[in-house]
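my_file15.pdb, holding PDB, C-alpha atoms:
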```pdb
ATOM      1  CA  MET O   2      93.549  32.325  -4.311
ATOM      2  CA  ILE O   3      94.310  28.614  -4.076
ATOM      3  CA  GLY O   4      96.852  26.920  -6.350
ATOM      4  CA  LYS O   5      99.710  27.978  -8.621
ATOM      5  CA  ASN O   6      99.835  29.617 -12.064
ATOM      6  CA  ASN O   7     102.508  27.345 -13.549
ATOM      7  CA  TRP O   8     102.935  23.581 -13.328
ATOM      8  CA  VAL O   9     105.780  21.682 -14.993
ATOM      9  CA  PHE O  10     105.607  17.889 -15.380
ATOM     10  CA  CYS O  11     108.996  16.711 -16.645
ATOM     11  CA  ASP O  12     108.297  13.004 -17.184
ATOM     12  CA  GLY O  13     105.789  12.747 -20.017
ATOM     13  CA  TYR O  14     106.064   9.420 -21.853
ATOM     14  CA  LEU O  15     103.095   7.336 -22.997
ATOM     15  CA  PRO O  16     104.226   3.704 -22.825
ATOM     16  CA  PRO O  17     103.320   1.414 -25.733
ATOM     17  CA  GLN O  18     100.161  -0.644 -25.291
ATOM     18  CA  GLY O  19     100.427  -4.085 -23.732
ATOM     19  CA  ASP O  20      99.243  -7.386 -25.187
ATOM     20  CA  ASN O  21      95.769  -7.331 -23.601
ATOM     21  CA  PRO O  22      93.357  -5.147 -25.625
ATOM     22  CA  ASP O  23      90.947  -5.026 -22.647
ATOM     23  CA  PHE O  24      93.288  -2.660 -20.825
ATOM     24  CA  GLU O  25      93.883   0.810 -22.232
ATOM     25  CA  GLY O  26      97.043   2.513 -21.053
ATOM     26  CA  HIS O  27      96.912   6.279 -20.858
ATOM     27  CA  GLU O  28      98.294   9.524 -19.534
ATOM     28  CA  ALA O  29      95.962  12.093 -18.009
ATOM     29  CA  LEU O  30      96.289  15.658 -16.779
ATOM     30  CA  MET O  31      93.845  16.592 -14.032
ATOM     31  CA  LEU O  32      93.135  20.310 -13.538
ATOM     32  CA  THR O  33      91.147  21.728 -10.617
ATOM     33  CA  ASN O  34      90.125  25.334 -10.078
ATOM     34  CA  LEU O  35      89.277  25.949  -6.409
ATOM     35  CA  ASN O  36      88.708  29.675  -6.969
ATOM     36  CA  ASP O  37      85.634  31.596  -8.111
ATOM     37  CA  ALA O  38      87.193  33.099 -11.264
ATOM     38  CA  LYS O  39      87.341  31.213 -14.549
ATOM     39  CA  ALA O  40      90.877  30.066 -15.454
ATOM     40  CA  LYS O  41      92.335  30.379 -18.953
ATOM     41  CA  ILE O  42      94.914  27.620 -19.330
ATOM     42  CA  GLU O  43      97.579  26.988 -21.965
ATOM     43  CA  LEU O  44      99.434  23.705 -22.439
ATOM     44  CA  VAL O  45     102.982  23.785 -23.814
ATOM     45  CA  PHE O  46     104.773  20.549 -24.759
ATOM     46  CA  VAL O  47     108.590  20.625 -24.704
ATOM     47  CA  PHE O  48     110.537  17.862 -26.483
ATOM     48  CA  GLU O  49     114.099  16.539 -26.610
ATOM     49  CA  ASP O  50     114.536  16.814 -30.371
ATOM     50  CA  LYS O  51     112.010  19.319 -31.765
ATOM     51  CA  ASP O  52     110.558  22.738 -31.102
ATOM     52  CA  PRO O  53     107.945  23.173 -28.345
ATOM     53  CA  ILE O  54     104.255  22.996 -29.212
ATOM     54  CA  GLY O  55     102.019  25.479 -27.398
ATOM     55  CA  GLY O  56      98.825  27.316 -28.103
ATOM     56  CA  ILE O  57      96.599  24.545 -26.761
ATOM     57  CA  PHE O  58      93.993  26.316 -24.660
ATOM     58  CA  TYR O  59      91.328  25.300 -22.175
ATOM     59  CA  GLU O  60      88.988  27.231 -19.899
ATOM     60  CA  LEU O  61      88.054  25.952 -16.466
ATOM     61  CA  ASP O  62      85.222  27.514 -14.498
ATOM     62  CA  GLY O  63      85.619  28.248 -10.800
ATOM     63  CA  MET O  64      85.094  25.331  -8.412
ATOM     64  CA  ARG O  65      85.361  22.810 -11.269
ATOM     65  CA  THR O  66      87.722  20.061 -12.343
ATOM     66  CA  MET O  67      88.568  18.532 -15.724
ATOM     67  CA  CYS O  68      90.578  15.678 -17.157
ATOM     68  CA  VAL O  69      92.714  16.101 -20.287
ATOM     69  CA  ARG O  70      93.640  12.718 -21.740
ATOM     70  CA  LEU O  71      97.107  12.991 -23.252
ATOM     71  CA  ASP O  72      96.841   9.742 -25.215
ATOM     72  CA  LYS O  73      93.906  11.144 -27.237
ATOM     73  CA  PRO O  74      93.793  14.195 -29.567
ATOM     74  CA  ILE O  75      94.572  17.215 -27.376
ATOM     75  CA  GLY O  76      92.722  20.533 -27.641
ATOM     76  CA  GLU O  77      91.294  22.152 -30.745
ATOM     77  CA  LYS O  78      94.568  21.430 -32.572
ATOM     78  CA  GLY O  79      94.015  17.706 -32.039
ATOM     79  CA  LEU O  80      97.676  17.239 -31.098
ATOM     80  CA  MET O  81      98.679  13.572 -30.935
ATOM     81  CA  LEU O  82     101.826  12.902 -28.923
ATOM     82  CA  GLY O  83     102.176   9.251 -29.879
ATOM     83  CA  GLU O  84     103.635   6.379 -27.903
ATOM     84  CA  ALA O  85     107.165   6.395 -26.496
ATOM     85  CA  VAL O  86     107.735  10.136 -27.053
ATOM     86  CA  GLN O  87     109.595  11.818 -24.190
ATOM     87  CA  TYR O  88     108.248  15.283 -23.331
ATOM     88  CA  THR O  89     107.734  17.856 -20.600
ATOM     89  CA  LEU O  90     104.318  19.416 -20.081
ATOM     90  CA  TRP O  91     104.107  23.049 -18.949
ATOM     91  CA  VAL O  92     100.652  24.123 -17.726
ATOM     92  CA  LYS O  93     100.187  27.913 -17.597
ATOM     93  CA  SER O  94      97.096  29.505 -16.078
ATOM     94  CA  ASP O  95      96.017  33.111 -15.526
ATOM     95  CA  VAL O  96      94.281  32.049 -12.289
ATOM     96  CA  PRO O  97      95.994  29.816  -9.712
ATOM     97  CA  ILE O  98      94.895  26.188 -10.160
ATOM     98  CA  CYS O  99      95.875  22.720  -8.926
ATOM     99  CA  ALA O 100      97.239  20.135 -11.363
ATOM    100  CA  CYS O 101      98.350  16.526 -11.290
ATOM    101  CA  PHE O 102      99.491  14.094 -13.949
ATOM    102  CA  GLY O 103      99.054  10.337 -13.993
ATOM    103  CA  ARG O 104     100.006   7.412 -16.192
ATOM    104  CA  LEU O 105      98.578   3.899 -16.510
ATOM    105  CA  ASP O 106     101.211   1.514 -17.864
ATOM    106  CA  VAL O 107      99.624  -1.746 -19.091
ATOM    107  CA  ARG O 108     102.667  -3.434 -20.610
ATOM    108  CA  GLN O 109     102.686  -5.995 -17.798
ATOM    109  CA  THR O 110      99.830  -8.020 -16.319
ATOM    110  CA  ASN O 111     100.421  -6.301 -12.968
ATOM    111  CA  MET O 112      99.630  -2.863 -14.397
ATOM    112  CA  ALA O 113     101.062   0.258 -12.788
ATOM    113  CA  TYR O 114      99.310   3.584 -12.235
ATOM    114  CA  TYR O 115     101.454   6.367 -10.930
ATOM    115  CA  SER O 116     101.575  10.111 -10.633
ATOM    116  CA  VAL O 117     104.324  12.301 -12.019
ATOM    117  CA  GLU O 118     105.636  14.987  -9.665
ATOM    118  CA  ALA O 119     105.381  18.617 -10.703
ATOM    119  CA  PHE O 120     107.324  21.769 -10.126
ATOM    120  CA  SER O 121     104.869  24.615  -9.505
ATOM    121  CA  PHE O 122     105.421  28.341  -9.246
TER     122      PHE O 122
END
```

Represent the structure contained in this file as structure tokens.
Amino acid sequence: MIGKNNWVFCDGYLPPQGDNPDFEGHEALMLTNLNDAKAKIELVFVFEDKDPIGGIFYELDGMRTMCVRLDKPIGEKGLMLGEAVQYTLWVKSDVPICACFGRLDVRQTNMAYYSVEAFSF
């Protein structure tokens, strides 16, 4: 099996939008299943000042990838994180998967896209 069952991204924070409406800042979680079995995935959001929010589920077929935009309504619950909210994202899967997390910050004209490191186990 390729991948890990748990991924923790500790630096979730959607920056406020910049002044140019042509550029849409965002955060995105990319999930890839390089195995044959379907993965059942749960997202858990951990905050500084309120209880965690979990129970957001996705399924990912074998040898497939998907993007979860974190600046849009998330999952069937339609969770909206909002701008400038600090959080940690815990990705739990019953099948080992690969995960990465990226952010596009458009507050400046020289926009920045960067990945957030994960702890996986």

Could you write out as a PDB file with C-alpha atoms, keeping the file's coordinate frame the residues that the PyMOL selection byres ((chain O and resi 25) around 10) matches in the shown file?
```
ATOM      1  CA  GLN O  18     100.161  -0.644 -25.291  1.00  0.00           C
ATOM      2  CA  GLY O  19     100.427  -4.085 -23.732  1.00  0.00           C
ATOM      3  CA  ASN O  21      95.769  -7.331 -23.601  1.00  0.00           C
ATOM      4  CA  PRO O  22      93.357  -5.147 -25.625  1.00  0.00           C
ATOM      5  CA  ASP O  23      90.947  -5.026 -22.647  1.00  0.00           C
ATOM      6  CA  PHE O  24      93.288  -2.660 -20.825  1.00  0.00           C
ATOM      7  CA  GLY O  26      97.043   2.513 -21.053  1.00  0.00           C
ATOM      8  CA  HIS O  27      96.912   6.279 -20.858  1.00  0.00           C
ATOM      9  CA  ASP O  72      96.841   9.742 -25.215  1.00  0.00           C
ATOM     10  CA  LEU O 105      98.578   3.899 -16.510  1.00  0.00           C
ATOM     11  CA  ASP O 106     101.211   1.514 -17.864  1.00  0.00           C
ATOM     12  CA  VAL O 107      99.624  -1.746 -19.091  1.00  0.00           C
ATOM     13  CA  ARG O 108     102.667  -3.434 -20.610  1.00  0.00           C
TER      14      ARG O 108
END
```

For this file, the PyMOL selection byres ((chain O and resi 103) around 12) selects which residues, as a PDB file with C-alpha atoms, keeping the file's coordinate frame?
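Final file, result_0.pdb:
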```pdb
ATOM      1  CA  PHE O  10     105.607  17.889 -15.380  1.00  0.00           C
ATOM      2  CA  ASP O  12     108.297  13.004 -17.184  1.00  0.00           C
ATOM      3  CA  GLY O  13     105.789  12.747 -20.017  1.00  0.00           C
ATOM      4  CA  TYR O  14     106.064   9.420 -21.853  1.00  0.00           C
ATOM      5  CA  LEU O  15     103.095   7.336 -22.997  1.00  0.00           C
ATOM      6  CA  GLY O  26      97.043   2.513 -21.053  1.00  0.00           C
ATOM      7  CA  HIS O  27      96.912   6.279 -20.858  1.00  0.00           C
ATOM      8  CA  GLU O  28      98.294   9.524 -19.534  1.00  0.00           C
ATOM      9  CA  ALA O  29      95.962  12.093 -18.009  1.00  0.00           C
ATOM     10  CA  LEU O  30      96.289  15.658 -16.779  1.00  0.00           C
ATOM     11  CA  MET O  31      93.845  16.592 -14.032  1.00  0.00           C
ATOM     12  CA  LEU O  32      93.135  20.310 -13.538  1.00  0.00           C
ATOM     13  CA  CYS O  68      90.578  15.678 -17.157  1.00  0.00           C
ATOM     14  CA  VAL O  69      92.714  16.101 -20.287  1.00  0.00           C
ATOM     15  CA  ARG O  70      93.640  12.718 -21.740  1.00  0.00           C
ATOM     16  CA  LEU O  71      97.107  12.991 -23.252  1.00  0.00           C
ATOM     17  CA  ASP O  72      96.841   9.742 -25.215  1.00  0.00           C
ATOM     18  CA  ALA O 100      97.239  20.135 -11.363  1.00  0.00           C
ATOM     19  CA  CYS O 101      98.350  16.526 -11.290  1.00  0.00           C
ATOM     20  CA  PHE O 102      99.491  14.094 -13.949  1.00  0.00           C
ATOM     21  CA  ARG O 104     100.006   7.412 -16.192  1.00  0.00           C
ATOM     22  CA  LEU O 105      98.578   3.899 -16.510  1.00  0.00           C
ATOM     23  CA  ASP O 106     101.211   1.514 -17.864  1.00  0.00           C
ATOM     24  CA  ALA O 113     101.062   0.258 -12.788  1.00  0.00           C
ATOM     25  CA  TYR O 114      99.310   3.584 -12.235  1.00  0.00           C
ATOM     26  CA  TYR O 115     101.454   6.367 -10.930  1.00  0.00           C
ATOM     27  CA  SER O 116     101.575  10.111 -10.633  1.00  0.00           C
ATOM     28  CA  VAL O 117     104.324  12.301 -12.019  1.00  0.00           C
ATOM     29  CA  GLU O 118     105.636  14.987  -9.665  1.00  0.00           C
ATOM     30  CA  ALA O 119     105.381  18.617 -10.703  1.00  0.00           C
TER      31      ALA O 119
END
```

- Task: Pull out every residue that the PyMOL selection byres ((chain O and resi 97) around 8) matches in the shown coordinates and put them as a list in words.
- Result: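 Applying the expression gives Met2, Ile3, Gly4, Lys5, Asn6, Asn7, Asn34, Asn36, Ala40, Ser94, Asp95, Val96, Ile98 and Cys99 of chain O.
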
- Query: So what do you get for CA of Met81 (chain O) versus CA of Val9 (chain O), distance-wise?
  - Reply: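 Result for CA of Met81 (chain O) versus CA of Val9 (chain O): 19.2 Å, one decimal.
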
- Task: Taking (109.9, 5.9, -22.0) in the file's own coordinates, collect the residues within 7 Å, counting only C-alpha atoms, and hand them back as a ChimeraX atom specification.
- Result: /O:14,16,85-87

- Could you state the separation of CA of Glu60 (chain O) and CA of Ile42 (chain O) in Å, given to one decimal place?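 Straight-line distance from CA of Glu60 (chain O) to CA of Ile42 (chain O) works out to 6.0 Å.
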
- Message: What's the separation between CA of Gly76 (chain O) and CA of Pro17 (chain O), in Å to one decimal place?
- Response: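 Atom-to-atom, CA of Gly76 (chain O) and CA of Pro17 (chain O) are spaced 21.9 Å apart.
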
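Using all atoms listed in the file, the nearest neighbour of Tyr59 (chain O) within the list O:Trp91, O:Glu43, O:Asp37, O:Gln109 is O:Glu43.
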
- Select, from O:Lys73, O:Val92, O:Trp8, O:Lys39, the residue with the minimum atom-to-atom distance to Ile57 (chain O), counting all atoms listed in the file.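 Answer, going by the shortest atom-to-atom distance: O:Val92.
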